[in-house]
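Chemist: Just coords.txt, nothing more (compact mmCIF, C-alpha atoms and all ligand atoms):
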# COMPACT_ATOMS: atom_id res chain seq x y z
CA VAL A 1 89.82 111.20 80.86
CA TYR A 2 93.08 111.42 82.75
CA LEU A 3 94.80 108.05 83.09
CA ASP A 4 98.25 109.39 83.82
CA GLY A 5 97.99 110.11 87.55
CA ASN A 6 100.74 107.50 88.00
CA SER A 7 103.11 109.84 86.10
CA LEU A 8 101.81 113.17 87.34
CA GLY A 9 99.03 113.13 89.89
CA ALA A 10 96.15 115.55 89.52
CA LEU A 11 96.04 118.90 91.31
CA PRO A 12 94.45 118.70 94.77
CA LEU A 13 92.25 121.76 95.32
CA ALA A 14 93.83 122.15 98.74
CA ALA A 15 97.26 122.48 97.12
CA ALA A 16 96.12 125.39 94.98
CA SER A 17 94.76 127.38 97.92
CA ARG A 18 97.74 126.44 100.10
CA LEU A 19 100.14 127.73 97.45
CA HIS A 20 98.21 130.97 97.16
CA GLY A 21 98.52 131.40 100.91
CA VAL A 22 102.20 130.50 101.03
CA ILE A 23 102.98 132.91 98.21
CA GLY A 24 100.91 135.82 99.47
CA ARG A 25 101.14 135.57 103.24
CA GLU A 26 104.38 133.73 103.81
CA TRP A 27 106.70 134.67 100.96
CA GLY A 28 105.03 138.02 100.34
CA ARG A 29 104.71 139.32 103.89
CA ARG A 30 106.93 137.23 106.15
CA ALA A 31 109.75 136.90 103.63
CA ILE A 32 113.00 135.84 105.36
CA ARG A 33 111.21 135.39 108.68
CA GLY A 34 109.41 132.40 107.13
CA TRP A 35 112.48 130.26 107.85
CA GLY A 36 111.96 130.73 111.56
CA GLU A 37 108.22 130.26 111.29
CA GLY A 38 107.83 126.80 109.85
CA TRP A 39 109.67 126.60 106.53
CA MET A 40 112.72 124.94 108.06
CA ASP A 41 110.53 122.18 109.52
CA LEU A 42 108.84 121.27 106.25
CA PRO A 43 111.28 118.52 105.14
CA VAL A 44 110.82 116.69 108.45
CA ARG A 45 107.11 117.42 108.86
CA VAL A 46 106.17 116.27 105.36
CA GLY A 47 108.57 113.34 105.72
CA GLU A 48 106.77 112.19 108.87
CA ALA A 49 103.41 112.43 107.10
CA ILE A 50 104.78 110.24 104.30
CA ALA A 51 106.30 107.84 106.84
CA GLY A 52 102.77 106.94 107.90
CA LEU A 53 102.01 105.89 104.31
CA VAL A 54 105.09 103.72 103.78
CA GLY A 55 105.14 101.80 107.02
CA ALA A 56 107.98 103.71 108.66
CA ALA A 57 108.11 104.54 112.37
CA PRO A 58 108.95 108.21 113.10
CA GLY A 59 112.45 109.55 112.58
CA GLN A 60 113.28 107.69 109.38
CA VAL A 61 111.82 109.71 106.48
CA ILE A 62 112.69 113.17 105.19
CA VAL A 63 111.87 115.03 101.98
CA GLY A 64 114.92 116.26 100.12
CA ASP A 65 115.89 116.63 96.48
CA SER A 66 114.57 115.04 93.28
CA THR A 67 114.10 111.27 93.25
CA THR A 68 117.23 110.99 91.12
CA VAL A 69 119.40 112.94 93.56
CA CYS A 70 117.92 111.20 96.62
CA PHE A 71 118.54 107.84 94.96
CA TYR A 72 122.14 108.85 94.20
CA LYS A 73 122.73 109.93 97.79
CA LEU A 74 121.41 106.73 99.32
CA ALA A 75 123.04 104.43 96.75
CA TRP A 76 126.36 106.21 97.34
CA ALA A 77 125.89 105.85 101.10
CA ALA A 78 125.14 102.13 100.81
CA LEU A 79 128.02 101.47 98.46
CA GLY A 80 130.43 103.39 100.67
CA TYR A 81 129.25 101.33 103.63
CA GLY A 82 129.77 98.08 101.74
CA MET A 83 133.10 99.07 100.22
CA ALA A 84 134.48 99.75 103.68
CA SER A 85 134.25 96.00 104.22
CA GLY A 86 135.45 94.97 100.78
CA ARG A 87 132.07 94.63 99.03
CA ASP A 88 132.03 96.26 95.62
CA GLU A 89 129.05 94.87 93.72
CA ILE A 90 125.65 96.40 93.15
CA VAL A 91 122.74 94.16 92.19
CA CYS A 92 120.17 96.09 90.16
CA ASP A 93 117.14 95.12 88.11
CA ALA A 94 117.78 95.81 84.41
CA GLY A 95 114.09 96.69 84.22
CA ASN A 96 114.45 99.44 86.83
CA PHE A 97 113.38 102.98 85.94
CA PRO A 98 116.05 104.59 83.70
CA THR A 99 117.19 107.24 86.17
CA ASP A 100 117.89 104.54 88.77
CA ARG A 101 119.89 102.51 86.27
CA TYR A 102 121.86 105.51 85.06
CA VAL A 103 122.70 106.60 88.60
CA ILE A 104 123.92 103.09 89.39
CA GLU A 105 125.98 103.03 86.19
CA GLY A 106 127.55 106.38 87.08
CA LEU A 107 128.22 105.37 90.67
CA ALA A 108 129.89 102.15 89.63
CA ALA A 109 132.06 104.03 87.13
CA SER A 110 133.10 106.73 89.60
CA LEU A 111 133.68 104.55 92.66
CA GLY A 112 135.11 101.52 90.89
CA ALA A 113 132.26 99.16 91.72
CA SER A 114 130.65 96.65 89.39
CA VAL A 115 126.99 96.08 88.59
CA VAL A 116 125.18 92.77 88.34
CA TRP A 117 122.11 93.41 86.17
CA LEU A 118 119.12 91.20 86.87
CA ALA A 119 116.95 90.02 83.99
CA SER A 120 113.97 90.16 86.36
CA ALA A 121 113.20 91.31 89.88
CA SER A 122 112.16 87.80 90.92
CA LEU A 123 113.29 86.35 94.21
CA GLY A 124 115.14 83.58 92.39
CA ALA A 125 117.10 86.08 90.32
CA VAL A 126 118.09 88.00 93.45
CA GLU A 127 119.10 84.79 95.23
CA ARG A 128 121.37 83.78 92.37
CA ALA A 129 122.96 87.22 92.13
CA VAL A 130 123.82 88.09 95.74
CA GLY A 131 126.98 86.91 97.41
CA PRO A 132 129.88 87.92 99.62
CA SER A 133 130.79 90.81 97.28
CA THR A 134 127.33 92.36 97.19
CA ALA A 135 127.17 95.78 98.82
CA LEU A 136 123.73 96.77 97.64
CA VAL A 137 120.59 95.31 96.11
CA THR A 138 118.35 97.91 94.50
CA LEU A 139 114.90 97.28 93.03
CA SER A 140 111.60 99.02 92.54
CA HIS A 141 108.77 97.88 94.78
CA VAL A 142 106.23 98.33 91.95
CA SER A 143 107.83 98.31 88.50
CA TYR A 144 107.21 101.35 86.31
CA GLY A 145 106.71 99.05 83.31
CA ALA A 146 104.36 96.16 83.99
CA GLY A 147 103.30 97.46 87.40
CA GLU A 148 104.47 94.26 89.06
CA VAL A 149 104.84 94.23 92.84
CA CYS A 150 108.11 92.78 94.13
CA ASP A 151 108.15 90.71 97.32
CA MET A 152 110.02 93.25 99.41
CA ALA A 153 110.23 91.23 102.62
CA ALA A 154 111.58 88.14 100.86
CA VAL A 155 114.22 90.13 98.93
CA CYS A 156 115.26 92.00 102.09
CA SER A 157 115.74 88.76 103.90
CA VAL A 158 117.86 87.25 101.09
CA ALA A 159 119.97 90.42 100.87
CA ARG A 160 120.41 90.61 104.62
CA SER A 161 121.59 87.03 104.91
CA ALA A 162 124.17 87.80 102.24
CA GLY A 163 125.28 90.86 104.23
CA ALA A 164 124.05 93.37 101.63
CA LEU A 165 121.93 96.48 102.08
CA THR A 166 118.68 97.06 100.16
CA LEU A 167 117.61 100.32 98.51
CA TRP A 168 114.00 100.40 97.30
CA ASP A 169 112.40 102.77 94.86
CA VAL A 170 108.79 103.07 96.01
CA SER A 171 107.81 105.76 93.48
CA HIS A 172 104.97 103.66 92.06
CA SER A 173 103.79 102.30 95.40
CA ALA A 174 103.76 105.33 97.72
CA GLY A 175 100.15 106.46 97.89
CA SER A 176 98.79 103.62 95.75
CA LEU A 177 99.14 100.63 98.05
CA PRO A 178 100.29 99.91 101.59
CA VAL A 179 104.09 99.71 101.88
CA SER A 180 105.72 98.24 104.99
CA LEU A 181 109.31 99.41 104.93
CA ASP A 182 109.94 98.68 108.62
CA ASP A 183 108.18 95.31 108.68
CA ALA A 184 109.75 94.17 105.42
CA GLY A 185 113.21 94.90 106.81
CA ALA A 186 114.16 97.50 104.21
CA ASP A 187 117.39 99.40 104.82
CA LEU A 188 116.93 102.38 102.49
CA ALA A 189 114.23 103.70 100.19
CA VAL A 190 113.37 106.65 98.00
CA GLY A 191 110.06 107.64 96.50
CA CYS A 192 108.56 110.21 94.21
CA THR A 193 105.86 112.58 95.50
CA TYR A 194 104.31 113.81 92.26
CA LYS A 195 102.74 110.51 91.20
CA TYR A 196 100.17 108.91 93.52
CA LEU A 197 100.95 111.48 96.22
CA ASN A 198 99.82 114.32 93.96
CA GLY A 199 102.62 116.69 95.06
CA GLY A 200 102.84 118.61 91.79
CA PRO A 201 105.23 118.74 88.81
CA GLY A 202 108.84 118.33 89.88
CA ALA A 203 107.97 117.94 93.57
CA PRO A 204 110.89 116.75 95.72
CA ALA A 205 111.28 113.11 96.73
CA PHE A 206 111.56 111.44 100.12
CA MET A 207 114.32 109.31 101.59
CA TYR A 208 113.96 106.53 104.14
CA VAL A 209 116.92 105.32 106.17
CA ARG A 210 116.11 102.78 108.84
CA SER A 211 117.05 103.73 112.35
CA GLY A 212 120.28 102.00 113.24
CA LEU A 213 121.73 102.77 109.81
CA GLN A 214 121.56 106.55 109.88
CA GLU A 215 125.28 106.93 110.52
CA VAL A 216 126.03 106.02 106.90
CA GLN A 217 127.58 108.94 105.10
CA GLN A 218 125.89 110.63 102.18
CA PRO A 219 127.97 112.33 99.47
CA ILE A 220 126.62 115.86 99.24
CA TRP A 221 127.82 117.69 102.32
CA GLY A 222 125.75 120.84 102.27
CA TRP A 223 125.12 123.36 104.98
CA LEU A 224 121.56 122.22 105.67
CA GLY A 225 122.75 118.71 106.45
CA HIS A 226 125.10 120.20 109.02
CA ALA A 227 124.51 119.72 112.73
CA ASP A 228 124.47 123.51 113.18
CA PRO A 229 123.99 125.23 109.82
CA PHE A 230 123.93 128.78 111.12
CA ALA A 231 127.16 128.43 113.06
CA MET A 232 128.73 128.58 109.58
CA GLY A 233 131.62 126.59 110.99
CA PRO A 234 134.87 125.71 109.25
CA VAL A 235 134.21 121.98 108.78
CA TYR A 236 131.30 119.73 107.95
CA GLU A 237 129.70 117.84 110.77
CA PRO A 238 126.53 115.94 109.80
CA ALA A 239 123.33 116.49 111.71
CA ALA A 240 122.13 113.45 113.62
CA GLY A 241 119.26 111.46 112.14
CA MET A 242 117.53 112.19 108.85
CA ARG A 243 118.52 115.86 108.73
CA GLY A 244 122.03 114.67 107.93
CA PHE A 245 120.69 113.46 104.57
CA LEU A 246 119.69 116.96 103.48
CA SER A 247 122.05 119.16 101.51
CA GLY A 248 120.68 122.54 100.48
CA THR A 249 117.78 124.88 101.14
CA PRO A 250 114.38 123.15 101.08
CA PRO A 251 112.02 124.02 98.18
CA VAL A 252 109.31 125.64 100.29
CA LEU A 253 106.64 126.14 97.63
CA ALA A 254 106.99 122.60 96.35
CA LEU A 255 107.03 121.13 99.86
CA SER A 256 103.85 123.02 100.75
CA ALA A 257 102.07 121.45 97.80
CA VAL A 258 103.39 117.99 98.70
CA GLU A 259 102.04 118.38 102.23
CA GLU A 260 98.53 118.90 100.84
CA GLY A 261 98.78 115.99 98.41
CA VAL A 262 99.98 113.68 101.16
CA ARG A 263 97.20 114.88 103.46
CA VAL A 264 94.53 113.93 100.92
CA VAL A 265 95.99 110.42 100.62
CA GLY A 266 96.14 110.08 104.40
CA ASP A 267 92.56 111.28 104.78
CA ALA A 268 91.27 108.77 102.25
CA GLY A 269 93.31 105.98 103.83
CA LEU A 270 95.57 103.54 102.05
CA ARG A 271 93.37 100.50 102.64
CA ARG A 272 90.48 102.14 100.83
CA ILE A 273 92.77 103.50 98.12
CA ARG A 274 94.18 100.02 97.53
CA THR A 275 90.72 98.44 97.45
CA LYS A 276 89.62 100.87 94.77
CA GLY A 277 92.91 100.50 92.87
CA VAL A 278 92.42 96.73 92.68
CA ALA A 279 88.79 97.16 91.59
CA LEU A 280 89.76 99.64 88.86
CA THR A 281 92.56 97.52 87.43
CA GLU A 282 90.42 94.34 87.59
CA TYR A 283 87.71 96.19 85.72
CA LEU A 284 90.17 97.40 83.11
CA ILE A 285 91.67 93.94 82.60
CA GLY A 286 88.21 92.40 82.22
CA LEU A 287 87.24 94.98 79.61
CA ALA A 288 90.54 94.59 77.78
CA ASP A 289 90.08 90.82 77.57
CA ALA A 290 86.49 91.11 76.43
CA ARG A 291 86.84 93.96 73.95
CA LEU A 292 90.45 94.52 72.93
CA GLY A 293 91.78 90.98 72.55
CA ARG A 294 90.32 90.61 69.07
CA PHE A 295 92.46 93.56 67.92
CA GLY A 296 95.60 91.82 69.08
CA MET A 297 95.88 93.85 72.26
CA ARG A 298 97.15 91.85 75.24
CA VAL A 299 97.33 92.45 78.97
CA ALA A 300 101.02 92.66 79.88
CA SER A 301 100.60 93.36 83.61
CA PRO A 302 100.20 90.64 86.23
CA ARG A 303 96.69 89.21 86.32
CA GLU A 304 96.90 88.44 90.01
CA ALA A 305 95.79 91.56 91.86
CA ALA A 306 98.07 90.91 94.84
CA VAL A 307 101.18 91.41 92.70
CA ARG A 308 99.88 94.29 90.59
CA GLY A 309 100.16 98.00 91.37
CA SER A 310 97.66 100.61 90.22
CA HIS A 311 98.59 100.81 86.57
CA VAL A 312 98.06 98.31 83.76
CA VAL A 313 100.03 97.96 80.56
CA LEU A 314 98.46 96.68 77.36
CA GLY A 315 100.71 95.47 74.56
CA HIS A 316 100.07 96.25 70.90
CA SER A 317 102.42 96.71 67.95
CA ALA A 318 100.89 100.14 67.20
CA ALA A 319 101.02 101.27 70.85
CA ALA A 320 102.72 104.62 70.18
CA ARG A 321 100.18 105.58 67.55
CA LEU A 322 97.27 104.41 69.70
CA VAL A 323 98.37 106.60 72.59
CA SER A 324 98.53 109.64 70.36
CA ARG A 325 95.12 108.86 68.79
CA LEU A 326 93.66 108.51 72.27
CA ALA A 327 95.08 111.92 73.21
CA ASP A 328 93.33 113.39 70.15
CA VAL A 329 90.00 112.33 71.65
CA GLY A 330 90.88 113.50 75.16
CA VAL A 331 92.04 110.25 76.74
CA ILE A 332 95.45 110.73 78.33
CA CYS A 333 97.68 107.74 79.01
CA ASP A 334 101.33 106.82 78.36
CA PHE A 335 103.29 105.03 75.67
CA ARG A 336 106.17 102.96 77.00
CA GLU A 337 108.82 101.33 74.86
CA PRO A 338 108.66 99.09 73.00
CA ASP A 339 104.95 98.40 72.46
CA LEU A 340 103.04 99.26 75.61
CA VAL A 341 100.06 101.46 76.36
CA ARG A 342 100.28 102.30 80.05
CA ILE A 343 97.02 103.12 81.76
CA GLY A 344 97.26 104.62 85.23
CA CYS A 345 94.29 104.02 87.51
CA SER A 346 95.24 106.44 90.26
CA PRO A 347 92.53 105.47 92.75
CA LEU A 348 91.78 108.90 94.24
CA THR A 349 90.99 110.53 90.92
CA THR A 350 90.05 107.78 88.48
CA ARG A 351 86.39 106.87 88.04
CA PHE A 352 85.16 103.54 86.72
CA VAL A 353 83.50 105.39 83.87
CA ASP A 354 86.93 106.79 82.90
CA VAL A 355 88.17 103.23 82.46
CA TRP A 356 85.07 102.36 80.43
CA ASP A 357 85.48 105.46 78.25
CA ALA A 358 89.17 104.74 77.65
CA VAL A 359 88.42 101.19 76.48
CA GLU A 360 85.55 102.51 74.34
CA ALA A 361 87.97 105.00 72.75
CA LEU A 362 90.53 102.23 72.16
CA VAL A 363 87.89 100.09 70.45
CA ALA A 364 87.02 103.02 68.18
CA VAL A 365 90.65 103.79 67.35
CA LEU A 366 91.52 100.12 66.72
CA SER A 367 88.43 99.59 64.55
CA ALA A 368 89.39 102.63 62.48
CA GLU A 369 92.92 101.23 62.08
CA GLY A 370 91.29 98.29 60.30
C1 LIG B 401 109.06 108.78 88.36
C2 LIG B 401 110.22 108.00 88.86
C3 LIG B 401 111.43 108.63 89.15
C4 LIG B 401 111.56 110.11 88.91
O1 LIG B 401 112.79 110.67 89.21
P1 LIG B 401 112.91 112.27 89.20
O2 LIG B 401 114.24 112.54 89.72
O3 LIG B 401 111.79 112.80 90.07
O4 LIG B 401 112.71 112.73 87.80
C5 LIG B 401 112.45 107.86 89.66
N1 LIG B 401 112.30 106.51 89.84
C6 LIG B 401 111.13 105.88 89.54
C7 LIG B 401 110.98 104.42 89.76
C8 LIG B 401 110.07 106.61 89.04
O5 LIG B 401 108.93 105.99 88.74
Could you take the file, read its structure, and then write that structure out as structure tokens?

Modeler:
Amino acid sequence: VYLDGNSLGALPLAAASRLHGVIGREWGRRAIRGWGEGWMDLPVRVGEAIAGLVGAAPGQVIVGDSTTVCFYKLAWAALGYGMASGRDEIVCDAGNFPTDRYVIEGLAASLGASVVWLASASLGAVERAVGPSTALVTLSHVSYGAGEVCDMAAVCSVARSAGALTLWDVSHSAGSLPVSLDDAGADLAVGCTYKYLNGGPGAPAFMYVRSGLQEVQQPIWGWLGHADPFAMGPVYEPAAGMRGFLSGTPPVLALSAVEEGVRVVGDAGLRRIRTKGVALTEYLIGLADARLGRFGMRVASPREAAVRGSHVVLGHSAAARLVSRLADVGVICDFREPDLVRIGCSPLTTRFVDVWDAVEALVAVLSAEG
């Protein structure tokens, strides 16, 4: 029973056969010629496929480096843009995923900016924090902890009226629910491809930069972000559009797997994926209330489906031990500090009976705990 597809999505069969083909036919036989026969287009091609899943019109999404590095590049770009007009504050949710917080901490230290940490990602908290010094507001669309959905459009509008840019981490929303980056008025976004997009362990992340903002400068001036990489010229000149956000050689094997994962999500369709995700998490919450409450286990995710992503956290003082006992009986989920069992209901691969079996296993483990 695999309830961790929100941390590492399952292997799509198509990805396995695609990788065999890429390794044997492309790497094995074409070798260096592969660059001229499709490899170089992968970052853009896979980016455009993802764009369709995050509500982005063409020309605004590209797949680059890890989520951490992509986040760094776009946060640096936004801060540089703001600092040019005297803005030197970053507003960031203190509940953001650690890598996002650490990158922001490092950026602030190296560029001499300051960080305003929000106690929550609520609209009210954002409204109180933004002002004439704010360069950047950065939040997760769906929080990695409670799985709470943030009102992206409302936050974007508050940030925009204050003159600040927004940078969204959509790692826990891409592939699990419809995201509308364009319609919400987002400026920048990054997202992970190995969670709900099933791109494989360590798969590279995507970057979104809205058209009209793509002249911002990113910090890692590599040859593959150059307007003419093979001219090998003396000075850096960024490529126009999203290619300018690349730095080094694309990870071809990883990108090939991502393309297959993204295709499966596109084939299933986000509306249907979201419908099943809501049904799965509703089912889980109902079972948790009915069967786990008496053991002191509480639902710590939003109860309203509209503001809940596709994972549910259950609080219990013995959470860490429970997660390891569950693993002993073949039920895989996550422990999250301080006392949370995180159950991922990745809609493409989770069955209702998996949710039932997981709750059944929890009842058994909790009963045995006495
Ligand atoms: C999973 C996740 C990441 C992962 O970053 P990597 O660089 O791929 O390790 C970043 N941000 C969020 C919100 C995540 O959920």

Chemist: Residues within 9 Å of Leu348 (chain A), please, as a PyMOL selection string. Count only C-alpha atoms; anything in the same chain fewer than 6 positions from it doesn't count.

Modeler: chain A and resi 176+196+264-265+268+273+276-277

Chemist: Dump as JSON, numbers by chain all residues having an atom at most 9 Å from (92.5, 96.5, 77.2), computed in the file's coordinates with all atoms listed in the file.

Modeler: {"A": [284, 285, 286, 287, 288, 289, 290, 291, 292, 293, 297, 298, 299, 312, 313, 314, 315, 358, 359, 362, 363]}

Chemist: Quote the spacing between CA of Cys70 (chain A) and CA of Ser7 (chain A) in Å to one decimal place.

Modeler: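 Taking CA of Cys70 (chain A) as the start and CA of Ser7 (chain A) as the end point, the length is 18.2 Å.
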
Chemist: Compute the set of protein, DNA and RNA residues whose minimum atom distance to ligand LIG 401 (chain B) is at most 9 Å, using only C-alpha atoms and all ligand atoms, and state it as a ChimeraX atom specification.

Modeler: /A:6-8,65-71,96-100,139-144,169-172,190-195,201-205

Chemist: Which one is closest to Pro219 (chain A): A:Ala75, A:Val179, A:Ala319, A:Arg25? Count all atoms listed in the file.

Modeler: A:Ala75

Chemist: Using CA of Asp228 (chain A) and CA of Val44 (chain A) as the two end points, give the distance in Å to one decimal.

Modeler: 16.0 Å

Chemist: Need to verify the contact set: Trp223 (chain A), 10 Å, all atoms listed in the file, exclusion of same-chain residues closer than 2 positions in sequence. Can you return it as a list in words?

Modeler: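 Result of the neighbour search: Ile220, Trp221, Gly225, His226, Ala227, Asp228, Pro229, Phe230, Ala231, Met232, Gly233, Val235, Tyr236, Glu237, Pro238, Ala239, Gly244, Leu246, Ser247, Gly248 and Thr249 of chain A.
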
Chemist: Compile the contact shell of Val116 (chain A) as a PyMOL selection string: residues with an atom at most 9 Å away, counting all atoms listed in the file, same-chain residues fewer than 3 positions apart removed.

Modeler: chain A and resi 89-94+129-130

Chemist: Using all atoms listed in the file, determine which residues lie at most 12 Å from Val46 (chain A), disregarding the query and same-chain residues fewer than 6 positions distant; provide the list as a PyMOL selection string.

Modeler: chain A and resi 38-40+52-53+58-64+193+197+199+204-207+250+252+254-263+266

Chemist: Give me, please, the distance in Å between CA of Arg210 (chain A) and CA of Ala186 (chain A), quoted to one decimal.

Modeler: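 Here the two named atoms are 7.3 Å from each other.
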
Chemist: Have a look at A:Thr281, A:Glu337, A:Gly86, A:Val155 and name the one nearest to Thr350 (chain A); count all atoms listed in the file.

Modeler: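 Counting all atoms listed in the file, the residue closest to Thr350 (chain A) is A:Thr281.
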
Chemist: Compile the contact shell of Glu105 (chain A) as a PyMOL selection string: residues with an atom at most 9 Å away, counting only C-alpha atoms, same-chain residues fewer than 5 positions apart removed.

Modeler: chain A and resi 100+110+114-115

Chemist: Which of these, A:Leu224, A:Ala77, A:Ile343, A:Ala189, has the shortest distance to Leu107 (chain A) once you count all atoms listed in the file?

Modeler: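 The closest residue to Leu107 (chain A) is A:Ala77.
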
Chemist: Between A:Gly241, A:Gly269, A:Pro302, A:Gly200, single out the one closest to Ala10 (chain A), counting all atoms listed in the file.

Modeler: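 Result for the nearest residue to Ala10 (chain A): A:Gly200.
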
Chemist: Between A:Leu19, A:Ala78, A:Ala113, A:Val353, single out the one closest to Gln218 (chain A), counting only C-alpha atoms.

Modeler: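 Among the listed residues, the smallest separation from Gln218 (chain A) belongs to A:Ala78.
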
Chemist: Can you work out which one of A:Gln217, A:Ser120, A:Ser310, A:Ser301 has the shortest atom-to-atom distance to Pro178 (chain A), counting only C-alpha atoms?

Modeler: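 Of the candidates, the smallest distance to Pro178 (chain A) is held by A:Ser310.
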